[in-house]
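Trainee: Okay, so here is upload.txt, and as you'll see once you scroll down, it has compact mmCIF, C-alpha atoms.
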# COMPACT_ATOMS: atom_id res chain seq x y z
CA MET A 1 20.56 26.36 4.72
CA THR A 2 23.98 25.88 3.15
CA ASP A 3 27.29 25.11 4.87
CA HIS A 4 28.61 26.92 7.87
CA PRO A 5 32.24 25.81 7.74
CA ASP A 6 33.43 28.54 10.10
CA LEU A 7 31.15 27.84 13.03
CA PRO A 8 33.12 27.14 16.22
CA ASP A 9 31.39 23.85 16.97
CA ASP A 10 31.84 22.32 13.53
CA ASP A 11 32.60 18.87 14.85
CA VAL A 12 29.46 18.71 16.94
CA ALA A 13 27.38 19.88 14.00
CA GLY A 14 29.09 17.36 11.75
CA LEU A 15 28.42 14.56 14.17
CA ALA A 16 24.77 15.49 14.54
CA ALA A 17 24.47 15.78 10.77
CA ALA A 18 25.96 12.30 10.32
CA ASP A 19 23.51 10.92 12.88
CA SER A 20 20.55 12.58 11.20
CA LEU A 21 21.57 11.29 7.78
CA ARG A 22 21.93 7.78 9.18
CA LEU A 23 18.50 8.08 10.79
CA ILE A 24 17.01 9.08 7.42
CA ARG A 25 18.71 6.22 5.57
CA GLU A 26 17.69 3.61 8.11
CA GLN A 27 14.10 4.76 8.34
CA GLN A 28 13.68 4.93 4.56
CA ALA A 29 15.25 1.51 4.07
CA ARG A 30 12.85 0.15 6.68
CA ALA A 31 9.83 1.79 5.05
CA ARG A 32 10.72 0.57 1.55
CA ALA A 33 11.36 -2.98 2.75
CA ALA A 34 8.07 -3.09 4.66
CA LEU A 35 5.82 -1.49 2.02
CA GLY A 36 6.93 -3.32 -1.14
CA PRO A 37 6.61 -7.01 -1.96
CA ASP A 38 9.75 -9.07 -1.39
CA GLY A 39 10.87 -10.08 -4.89
CA ARG A 40 12.93 -12.93 -3.47
CA ALA A 41 9.87 -14.55 -1.92
CA LEU A 42 7.65 -14.08 -4.99
CA TYR A 43 10.18 -15.24 -7.59
CA GLY A 44 11.25 -18.04 -5.27
CA ALA A 45 7.68 -19.30 -4.87
CA TRP A 46 7.03 -19.32 -8.64
CA GLY A 47 10.44 -20.83 -9.37
CA VAL A 48 9.80 -23.74 -7.01
CA ALA A 49 6.23 -24.19 -8.31
CA TRP A 50 7.34 -24.37 -11.96
CA LEU A 51 10.36 -26.52 -11.26
CA ALA A 52 8.49 -29.05 -9.12
CA GLY A 53 5.21 -28.95 -11.09
CA TYR A 54 6.74 -29.42 -14.52
CA LEU A 55 9.21 -32.04 -13.32
CA VAL A 56 6.28 -34.07 -12.00
CA LEU A 57 4.56 -33.75 -15.40
CA TRP A 58 7.74 -34.82 -17.17
CA PHE A 59 8.39 -37.85 -14.99
CA SER A 60 4.78 -38.89 -15.22
CA ALA A 61 4.86 -38.67 -19.02
CA GLN A 62 7.77 -41.11 -19.32
CA GLY A 63 6.88 -44.03 -21.57
CA ARG A 64 3.35 -42.75 -22.21
CA GLU A 65 1.74 -40.18 -24.43
CA GLN A 66 0.42 -37.91 -21.70
CA PRO A 67 1.17 -37.30 -18.02
CA GLU A 68 -1.15 -39.15 -15.66
CA PRO A 69 -4.13 -37.29 -14.15
CA TRP A 70 -2.61 -37.15 -10.65
CA ALA A 71 0.43 -35.35 -12.09
CA TYR A 72 -1.84 -32.59 -13.42
CA TRP A 73 -3.33 -32.25 -9.95
CA VAL A 74 0.10 -31.89 -8.37
CA PHE A 75 1.07 -29.36 -11.03
CA GLY A 76 -2.17 -27.38 -10.59
CA GLY A 77 -1.76 -27.48 -6.80
CA ALA A 78 1.80 -26.13 -6.99
CA LEU A 79 0.72 -23.21 -9.22
CA ALA A 80 -2.36 -22.51 -7.06
CA ALA A 81 -0.18 -22.41 -3.93
CA ALA A 82 2.21 -19.94 -5.57
CA LEU A 83 -0.74 -17.80 -6.69
CA VAL A 84 -2.33 -17.72 -3.21
CA PHE A 85 1.04 -16.93 -1.65
CA THR A 86 1.61 -14.08 -4.14
CA MET A 87 -1.79 -12.54 -3.44
CA LEU A 88 -1.53 -12.80 0.35
CA HIS A 89 2.03 -11.49 0.42
CA THR A 90 1.27 -8.53 -1.85
CA MET A 91 -1.93 -7.64 -0.01
CA THR A 92 -0.20 -7.74 3.37
CA ARG A 93 2.71 -5.61 2.23
CA THR A 94 0.64 -2.96 0.46
CA ALA A 95 -2.15 -2.76 3.08
CA GLY A 96 -2.76 0.82 4.19
CA THR A 97 -1.33 2.39 1.05
CA ARG A 98 -3.30 4.14 -1.66
CA GLY A 99 -2.63 6.43 -4.59
CA VAL A 100 -0.86 6.09 -7.92
CA SER A 101 1.21 2.99 -7.05
CA ALA A 102 -1.78 1.16 -5.56
CA ARG A 103 -3.84 1.88 -8.68
CA THR A 104 -1.01 0.76 -10.97
CA GLY A 105 -0.63 -2.43 -8.95
CA ALA A 106 -4.37 -3.15 -9.05
CA MET A 107 -4.47 -2.69 -12.83
CA TYR A 108 -1.49 -5.01 -13.16
CA GLY A 109 -3.25 -7.64 -11.06
CA TRP A 110 -6.35 -7.35 -13.25
CA ALA A 111 -4.20 -7.66 -16.37
CA TRP A 112 -3.06 -11.11 -15.14
CA MET A 113 -6.58 -12.14 -14.32
CA LEU A 114 -7.97 -11.02 -17.70
CA GLY A 115 -5.02 -12.54 -19.57
CA PHE A 116 -5.53 -15.98 -18.07
CA LEU A 117 -9.33 -15.89 -18.27
CA THR A 118 -9.06 -15.14 -21.98
CA PHE A 119 -6.39 -17.78 -22.37
CA SER A 120 -8.55 -20.49 -20.79
CA ALA A 121 -11.40 -19.56 -23.16
CA PHE A 122 -8.89 -19.78 -26.02
CA LEU A 123 -7.89 -23.30 -24.92
CA GLY A 124 -11.56 -24.24 -24.56
CA GLY A 125 -12.11 -23.11 -28.14
CA LEU A 126 -9.17 -25.21 -29.38
CA ALA A 127 -10.49 -28.28 -27.55
CA ARG A 128 -13.95 -27.80 -29.03
CA ALA A 129 -12.41 -27.60 -32.49
CA GLY A 130 -10.91 -31.04 -31.92
CA ALA A 131 -7.44 -30.28 -30.57
CA ASP A 132 -6.13 -32.90 -28.16
CA GLY A 133 -3.03 -34.80 -27.11
CA GLU A 134 0.27 -33.17 -28.02
CA LEU A 135 -1.39 -30.16 -29.66
CA MET A 136 -3.29 -29.22 -26.48
CA GLY A 137 -0.23 -29.92 -24.33
CA LEU A 138 1.94 -27.61 -26.40
CA ALA A 139 -0.70 -24.91 -26.81
CA SER A 140 -1.47 -24.74 -23.09
CA ASN A 141 2.16 -24.65 -21.91
CA GLY A 142 3.64 -22.47 -24.63
CA GLY A 143 0.58 -20.20 -24.60
CA ALA A 144 0.61 -19.73 -20.83
CA CYS A 145 4.31 -18.96 -21.03
CA LEU A 146 3.63 -16.41 -23.78
CA VAL A 147 1.00 -14.66 -21.62
CA VAL A 148 3.38 -14.62 -18.62
CA GLY A 149 6.28 -13.24 -20.67
CA LEU A 150 4.20 -10.45 -22.19
CA LEU A 151 2.75 -9.49 -18.80
CA TYR A 152 6.25 -9.26 -17.35
CA LEU A 153 7.28 -6.96 -20.20
CA GLY A 154 4.22 -4.83 -19.45
CA GLY A 155 5.00 -4.84 -15.72
CA ALA A 156 8.59 -3.81 -16.45
CA VAL A 157 7.25 -0.80 -18.36
CA ALA A 158 4.72 0.09 -15.65
CA PHE A 159 7.17 -0.15 -12.75
CA GLY A 160 10.34 0.92 -14.56
CA ASP A 161 11.98 -2.37 -13.60
CA ARG A 162 14.74 -3.43 -15.99
CA SER A 163 15.38 -6.85 -14.51
CA LEU A 164 11.68 -7.67 -14.86
CA PHE A 165 12.01 -6.82 -18.56
CA VAL A 166 14.92 -9.26 -18.87
CA LEU A 167 12.84 -11.94 -17.13
CA GLY A 168 9.91 -11.28 -19.49
CA ALA A 169 12.14 -11.60 -22.54
CA TRP A 170 13.61 -14.82 -21.12
CA ILE A 171 10.16 -16.31 -20.47
CA LEU A 172 9.19 -15.52 -24.09
CA LEU A 173 12.28 -17.43 -25.24
CA VAL A 174 11.23 -20.30 -22.98
CA ALA A 175 7.75 -20.22 -24.57
CA ALA A 176 9.29 -20.57 -28.02
CA ALA A 177 11.81 -23.25 -27.02
CA ALA A 178 9.28 -25.29 -25.03
CA THR A 179 6.81 -25.34 -27.92
CA LEU A 180 9.45 -26.28 -30.48
CA ALA A 181 10.77 -29.04 -28.19
CA GLY A 182 7.52 -31.03 -28.38
CA LEU A 183 6.12 -33.44 -25.77
CA PRO A 184 7.31 -34.53 -23.27
CA LEU A 185 10.54 -32.55 -23.57
CA THR A 186 8.52 -29.33 -23.33
CA TYR A 187 7.94 -30.06 -19.61
CA LEU A 188 11.66 -30.33 -18.99
CA VAL A 189 12.29 -26.99 -20.73
CA MET A 190 9.55 -25.35 -18.65
CA ALA A 191 10.93 -26.83 -15.44
CA PHE A 192 14.58 -25.89 -15.84
CA ALA A 193 14.57 -22.85 -18.14
CA GLY A 194 11.26 -21.42 -16.83
CA GLY A 195 11.50 -22.36 -13.15
CA GLY A 196 15.25 -21.79 -13.25
CA GLY A 197 14.66 -18.30 -14.67
CA PHE A 198 12.50 -17.40 -11.68
CA LEU A 199 15.03 -18.81 -9.24
CA ALA A 200 17.81 -16.82 -10.94
CA MET A 201 15.66 -13.69 -10.50
CA ALA A 202 15.23 -14.53 -6.81
CA ALA A 203 19.02 -14.66 -6.53
CA VAL A 204 19.39 -11.31 -8.34
CA GLU A 205 16.83 -9.76 -5.96
CA HIS A 206 18.73 -11.14 -3.00
CA LEU A 207 21.96 -9.53 -4.22
CA ARG A 208 20.09 -6.24 -4.63
CA VAL A 209 18.80 -6.39 -1.07
CA VAL A 210 22.26 -7.16 0.30
CA ARG A 211 23.76 -4.27 -1.66
CA ARG A 212 21.03 -1.87 -0.53
CA ARG A 213 21.41 -2.93 3.08
CA ARG A 214 25.16 -2.42 2.94
CA ARG A 215 24.65 1.05 1.49
CA ALA A 216 22.08 1.96 4.16
CA GLY A 217 24.27 0.63 6.96
CA VAL A 218 27.73 2.03 6.25
CA GLY A 219 26.79 4.61 3.66
CA SER A 220 29.14 7.24 2.30
CA GLY A 221 27.09 10.11 3.75
CA THR A 222 25.35 11.16 0.56
CA ALA A 223 21.76 12.22 0.85
CA ALA A 224 20.69 11.64 -2.71
CA ASP A 225 18.79 8.44 -2.11
CA THR A 226 15.25 9.76 -1.82
CA GLY A 227 13.68 8.26 -4.91
CA ALA A 228 12.43 4.75 -5.48
CA ASP A 229 15.42 2.47 -5.60
CA ARG A 230 14.98 0.62 -8.85
CA ASP A 231 17.54 0.05 -11.52
CA MET B 1 24.94 25.29 15.54
CA THR B 2 21.67 24.29 13.90
CA ASP B 3 19.96 27.56 13.02
CA ALA B 4 20.52 26.63 9.37
CA LEU B 5 18.43 23.51 9.81
CA ASP B 6 14.66 23.52 9.49
CA PRO B 7 13.37 23.28 13.10
CA VAL B 8 10.15 21.56 11.97
CA ILE B 9 12.11 18.61 10.57
CA HIS B 10 15.15 18.75 12.84
CA ALA B 11 13.61 16.70 15.65
CA PRO B 12 14.24 12.94 15.52
CA ALA B 13 10.56 11.94 15.70
CA ARG B 14 9.43 14.33 12.97
CA LEU B 15 12.49 13.58 10.87
CA ARG B 16 11.52 9.89 10.88
CA VAL B 17 7.92 10.75 9.94
CA VAL B 18 9.05 12.90 7.01
CA ALA B 19 11.71 10.37 5.91
CA THR B 20 9.11 7.59 5.88
CA LEU B 21 6.61 9.60 3.84
CA ALA B 22 9.40 10.70 1.48
CA ALA B 23 10.14 7.02 0.79
CA LEU B 24 6.72 6.75 -0.89
CA ASP B 25 6.46 7.53 -4.58
CA ALA B 26 4.91 10.92 -5.34
CA GLY B 27 1.13 10.52 -5.47
CA ASP B 28 1.04 7.76 -2.83
CA GLU B 29 -0.49 7.93 0.63
CA LEU B 30 -0.06 5.87 3.80
CA SER B 31 -2.71 5.11 6.41
CA PHE B 32 -2.19 6.29 9.98
CA PRO B 33 -1.95 2.77 11.53
CA ARG B 34 0.57 1.64 8.93
CA LEU B 35 2.71 4.75 9.47
CA GLN B 36 2.48 4.28 13.22
CA LYS B 37 3.72 0.70 12.90
CA LEU B 38 6.65 1.73 10.69
CA LEU B 39 7.68 4.30 13.29
CA ASP B 40 6.99 2.39 16.54
CA MET B 41 5.34 5.49 18.01
CA THR B 42 2.21 5.78 20.14
CA ALA B 43 -0.88 7.10 18.36
CA GLY B 44 -0.98 10.21 20.56
CA ASN B 45 2.67 11.00 20.02
CA LEU B 46 2.40 10.54 16.26
CA SER B 47 -0.74 12.71 16.12
CA THR B 48 1.05 15.54 17.88
CA HIS B 49 3.97 15.48 15.45
CA LEU B 50 1.69 15.15 12.44
CA ARG B 51 -0.26 18.21 13.55
CA LYS B 52 2.95 20.25 13.65
CA LEU B 53 3.93 18.99 10.22
CA GLU B 54 0.45 19.70 8.87
CA ASP B 55 0.49 23.23 10.35
CA ALA B 56 3.79 23.88 8.57
CA GLY B 57 2.20 22.70 5.31
CA TYR B 58 4.63 19.77 5.05
CA VAL B 59 2.16 16.92 5.39
CA ARG B 60 -1.24 16.48 3.78
CA VAL B 61 -3.82 14.78 5.99
CA THR B 62 -6.86 13.18 4.34
CA LYS B 63 -9.67 11.83 6.50
CA THR B 64 -11.99 9.40 4.76
CA HIS B 65 -14.14 6.31 5.32
CA GLU B 66 -13.55 2.76 4.15
CA GLY B 67 -16.91 1.12 4.61
CA ARG B 68 -17.91 2.46 8.03
CA THR B 69 -14.42 2.75 9.42
CA PRO B 70 -12.85 6.19 9.44
CA VAL B 71 -9.31 6.12 8.02
CA THR B 72 -6.70 8.85 7.94
CA TYR B 73 -4.18 8.95 5.11
CA LEU B 74 -0.91 10.86 5.22
CA ALA B 75 1.26 12.09 2.39
CA LEU B 76 4.16 14.47 2.04
CA ALA B 77 2.99 17.78 0.54
CA PRO B 78 5.16 19.34 -2.19
CA LYS B 79 6.36 21.92 0.35
CA GLY B 80 7.35 19.13 2.72
CA ARG B 81 9.24 17.25 0.00
CA ARG B 82 11.16 20.42 -0.85
CA ALA B 83 11.89 21.10 2.81
CA PHE B 84 13.14 17.53 3.25
CA GLU B 85 15.46 17.86 0.24
CA ASP B 86 16.77 21.20 1.52
CA TYR B 87 17.29 19.68 4.94
CA GLN B 88 19.30 16.77 3.53
CA GLU B 89 21.38 19.18 1.47
CA ALA B 90 22.04 21.28 4.56
CA LEU B 91 23.15 18.17 6.47
CA THR B 92 25.47 17.11 3.68
CA GLY B 93 26.86 20.64 3.64
CA LEU B 94 27.49 20.53 7.39
CA LEU B 95 29.24 17.18 7.05
CA ARG B 96 31.51 18.52 4.33
CA GLY B 97 32.15 21.64 6.40
CA ALA B 98 33.14 19.49 9.37
CA GLY B 99 35.62 17.70 7.15
CA SER B 100 34.22 14.22 7.63
Would you write the structure of this file as C-alpha cells?

Mentor:
Amino acid sequence: MTDHPDLPDDDVAGLAAADSLRLIREQQARARAALGPDGRALYGAWGVAWLAGYLVLWFSAQGREQPEPWAYWVFGGALAAALVFTMLHTMTRTAGTRGVSARTGAMYGWAWMLGFLTFSAFLGGLARAGADGELMGLASNGGACLVVGLLYLGGAVAFGDRSLFVLGAWILLVAAAATLAGLPLTYLVMAFAGGGGFLAMAAVEHLRVVRRRRRAGVGSGTAADTGADRD
Amino acid sequence: MTDALDPVIHAPARLRVVATLAALDAGDELSFPRLQKLLDMTAGNLSTHLRKLEDAGYVRVTKTHEGRTPVTYLALAPKGRRAFEDYQEALTGLLRGAGS
C-alpha cells in the first residue's frame, strides 16, 4: 500500500493517481456543498431582513415617540420571510441525512424556538407589569438581540465554528449598544451594526467558498482533506 | 501498476461512493435516493456497487421505515473509512514516486 517508486510504469501510475485524487476532491466538494446549508444565503437573508426591517422602524419613528403600526408589520414580515427561508433551505439541504449531525441540528433548531417562546412570555410579563413605550421598545430589541447572540455562541460550540462565535460575540455587543443608545437610535444600531454584521458574515462565507473551490479545483495533490472543512 | 491499491475502492464508481460517504461526519448516514442524486448513477448501478462495498465490510446498510415508506440509509463503516484513508495515502505515495 505504500510507494512503488521503482515500477517501470511510474508515470502511468502517477497520472492515474492524480486523476483518482482529483475525483475524490471533486466528489467530496460536491457532497459537502449539497448537504450543508449555504451560509451565504442564510446570513444574507437575515442581514437584509434586519437592515431593511430596522431601517423602516427608524424612519417611521422620526418625529414621533414610536414607529407607526404599519412599520411593525413590515418589520415582522421581513423577519418572518427570513425565518421561512432559513427553515426551507435547511430542510431541503439536509433531507435524507440522519445521525449525530441531524440530531445536533434539530436540538439547535429547538433551542431557537424555546428561546424565543420564553422571550415572548418575558415581554408579555413586562407589558402586564406596566412597561410600555421606550422601555418595551428597548427590552424587545435588546432582549431579542441578546437571545440571538447567546444562541450563536452555543451554535459555535456545537458545530465547532469559530466565525459563528465571532458573530455571536458581535451580536451581544450590538445588544448592549442598541439598548444604551435609546429610542429611536436603537433601530439604527440594529440595522447597521446588526444587519451589517450578518452581511459581513455572508461575505466571509463567500470568501471561504471561493477558497475551498480553488483548492478542490487546482489542488496541490494532498489527500488530507477528509474531515469536515471548518475553521 | 495498481496491485498496491485496494481493488474494492479502485474503480471510479465505487471510489465516488466511498468519497461521498467519507465526506459525512462520523455517525451520520445518507439515504439511498440522496446518495444516488449526488452521484448521478442509476439505482440499479448504485445498488450493485453498494453490495460489493457492503460485502467487503466497507459500507453499512440500514433498512428502515419512515411512516410506511421503506428507506435505506448508507454510512461508511470504520473498516471502509480506514481503507479509504489507506487508499488516499497509497495514491499520494504513487504521486510522489512518479515525481509529480

Trainee: At a cut-off of 9 Å, list the chain B residues touching chain A, using all atoms listed in the file, as a PyMOL selection string.

Mentor: chain B and resi 1-6+10+12+15-35+38-39+73+85-100

Trainee: Please measure the separation of CA of Gly182 in chain A and CA of Ala200 in chain A, giving the value in Å to one decimal.

Mentor: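 Between these atoms lies a distance of 24.7 Å.
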
Trainee: For range 202-207 of chain A, find every residue with an atom within 9 Å (counting all atoms listed in the file), except residues of its own chain fewer than 5 positions away, and show them as JSON, numbers by chain.

Mentor: {"A": [38, 39, 40, 41, 42, 43, 44, 47, 163, 197, 212]}

Trainee: Just want the 12 Å neighbourhood of range 145-153 of chain A, counted on only C-alpha atoms, with same-chain residues fewer than 4 positions away dropped. Output as an mmCIF file with C-alpha atoms, in the frame of the given file.

Mentor:
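Everything below was put into selection_18.cif:
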data_model
loop_
_atom_site.group_PDB
_atom_site.id
_atom_site.type_symbol
_atom_site.label_atom_id
_atom_site.label_comp_id
_atom_site.auth_asym_id
_atom_site.auth_seq_id
_atom_site.Cartn_x
_atom_site.Cartn_y
_atom_site.Cartn_z
ATOM 1 C CA TRP A 46 7.030 -19.320 -8.640
ATOM 2 C CA TRP A 50 7.340 -24.370 -11.960
ATOM 3 C CA MET A 107 -4.470 -2.690 -12.830
ATOM 4 C CA TYR A 108 -1.490 -5.010 -13.160
ATOM 5 C CA GLY A 109 -3.250 -7.640 -11.060
ATOM 6 C CA TRP A 110 -6.350 -7.350 -13.250
ATOM 7 C CA ALA A 111 -4.200 -7.660 -16.370
ATOM 8 C CA TRP A 112 -3.060 -11.110 -15.140
ATOM 9 C CA MET A 113 -6.580 -12.140 -14.320
ATOM 10 C CA LEU A 114 -7.970 -11.020 -17.700
ATOM 11 C CA GLY A 115 -5.020 -12.540 -19.570
ATOM 12 C CA PHE A 116 -5.530 -15.980 -18.070
ATOM 13 C CA LEU A 117 -9.330 -15.890 -18.270
ATOM 14 C CA THR A 118 -9.060 -15.140 -21.980
ATOM 15 C CA PHE A 119 -6.390 -17.780 -22.370
ATOM 16 C CA SER A 120 -8.550 -20.490 -20.790
ATOM 17 C CA PHE A 122 -8.890 -19.780 -26.020
ATOM 18 C CA LEU A 138 1.940 -27.610 -26.400
ATOM 19 C CA ALA A 139 -0.700 -24.910 -26.810
ATOM 20 C CA SER A 140 -1.470 -24.740 -23.090
ATOM 21 C CA ASN A 141 2.160 -24.650 -21.910
ATOM 22 C CA VAL A 157 7.250 -0.800 -18.360
ATOM 23 C CA ALA A 158 4.720 0.090 -15.650
ATOM 24 C CA PHE A 159 7.170 -0.150 -12.750
ATOM 25 C CA GLY A 160 10.340 0.920 -14.560
ATOM 26 C CA ASP A 161 11.980 -2.370 -13.600
ATOM 27 C CA ARG A 162 14.740 -3.430 -15.990
ATOM 28 C CA SER A 163 15.380 -6.850 -14.510
ATOM 29 C CA LEU A 164 11.680 -7.670 -14.860
ATOM 30 C CA PHE A 165 12.010 -6.820 -18.560
ATOM 31 C CA VAL A 166 14.920 -9.260 -18.870
ATOM 32 C CA LEU A 167 12.840 -11.940 -17.130
ATOM 33 C CA GLY A 168 9.910 -11.280 -19.490
ATOM 34 C CA ALA A 169 12.140 -11.600 -22.540
ATOM 35 C CA TRP A 170 13.610 -14.820 -21.120
ATOM 36 C CA ILE A 171 10.160 -16.310 -20.470
ATOM 37 C CA LEU A 172 9.190 -15.520 -24.090
ATOM 38 C CA LEU A 173 12.280 -17.430 -25.240
ATOM 39 C CA VAL A 174 11.230 -20.300 -22.980
ATOM 40 C CA ALA A 175 7.750 -20.220 -24.570
ATOM 41 C CA ALA A 176 9.290 -20.570 -28.020
ATOM 42 C CA ALA A 177 11.810 -23.250 -27.020
ATOM 43 C CA ALA A 178 9.280 -25.290 -25.030
ATOM 44 C CA THR A 179 6.810 -25.340 -27.920
ATOM 45 C CA THR A 186 8.520 -29.330 -23.330
ATOM 46 C CA TYR A 187 7.940 -30.060 -19.610
ATOM 47 C CA VAL A 189 12.290 -26.990 -20.730
ATOM 48 C CA MET A 190 9.550 -25.350 -18.650
ATOM 49 C CA ALA A 191 10.930 -26.830 -15.440
ATOM 50 C CA ALA A 193 14.570 -22.850 -18.140
ATOM 51 C CA GLY A 194 11.260 -21.420 -16.830
ATOM 52 C CA GLY A 195 11.500 -22.360 -13.150
ATOM 53 C CA GLY A 197 14.660 -18.300 -14.670
ATOM 54 C CA PHE A 198 12.500 -17.400 -11.680
#

Trainee: In Å, how far is it from CA of Leu76 in chain B to CA of Leu46 in chain B?

Mentor: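 So the answer is 14.9 Å.
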
Trainee: Measuring between all atoms listed in the file, which one of A:Ala33, A:Leu123, A:Leu199, A:Leu180 shows the shortest distance to Ala49 in chain A?

Mentor: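 The answer is A:Leu199, which sits nearest to Ala49 in chain A.
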
Trainee: Could you tell me how far CA of Gly133 in chain A sits from CA of Glu65 in chain A, in Å to one decimal place?

Mentor: 7.7 Å

Trainee: Which residues come within 8 Å of range 56-72 of chain B, counting only C-alpha atoms, excluding same-chain residues fewer than 3 positions away, as a list of chain:residue names?

Mentor: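 Answer for this query is B:Val8, B:Ser31, B:Phe32, B:Leu50, B:Lys52, B:Leu53, B:Ala75, B:Leu76, B:Ala77, B:Pro78, B:Lys79, B:Gly80, B:Arg81, B:Ala83.
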
Trainee: Only C-alpha atoms, please: the residues just picked out, written as an mmCIF file, in the frame of the given file.

Mentor:
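So the final result, stored in selection.cif, reads:
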data_model
loop_
_atom_site.group_PDB
_atom_site.id
_atom_site.type_symbol
_atom_site.label_atom_id
_atom_site.label_comp_id
_atom_site.auth_asym_id
_atom_site.auth_seq_id
_atom_site.Cartn_x
_atom_site.Cartn_y
_atom_site.Cartn_z
ATOM 1 C CA VAL B 8 10.150 21.560 11.970
ATOM 2 C CA SER B 31 -2.710 5.110 6.410
ATOM 3 C CA PHE B 32 -2.190 6.290 9.980
ATOM 4 C CA LEU B 50 1.690 15.150 12.440
ATOM 5 C CA LYS B 52 2.950 20.250 13.650
ATOM 6 C CA LEU B 53 3.930 18.990 10.220
ATOM 7 C CA ALA B 75 1.260 12.090 2.390
ATOM 8 C CA LEU B 76 4.160 14.470 2.040
ATOM 9 C CA ALA B 77 2.990 17.780 0.540
ATOM 10 C CA PRO B 78 5.160 19.340 -2.190
ATOM 11 C CA LYS B 79 6.360 21.920 0.350
ATOM 12 C CA GLY B 80 7.350 19.130 2.720
ATOM 13 C CA ARG B 81 9.240 17.250 0.000
ATOM 14 C CA ALA B 83 11.890 21.100 2.810
#
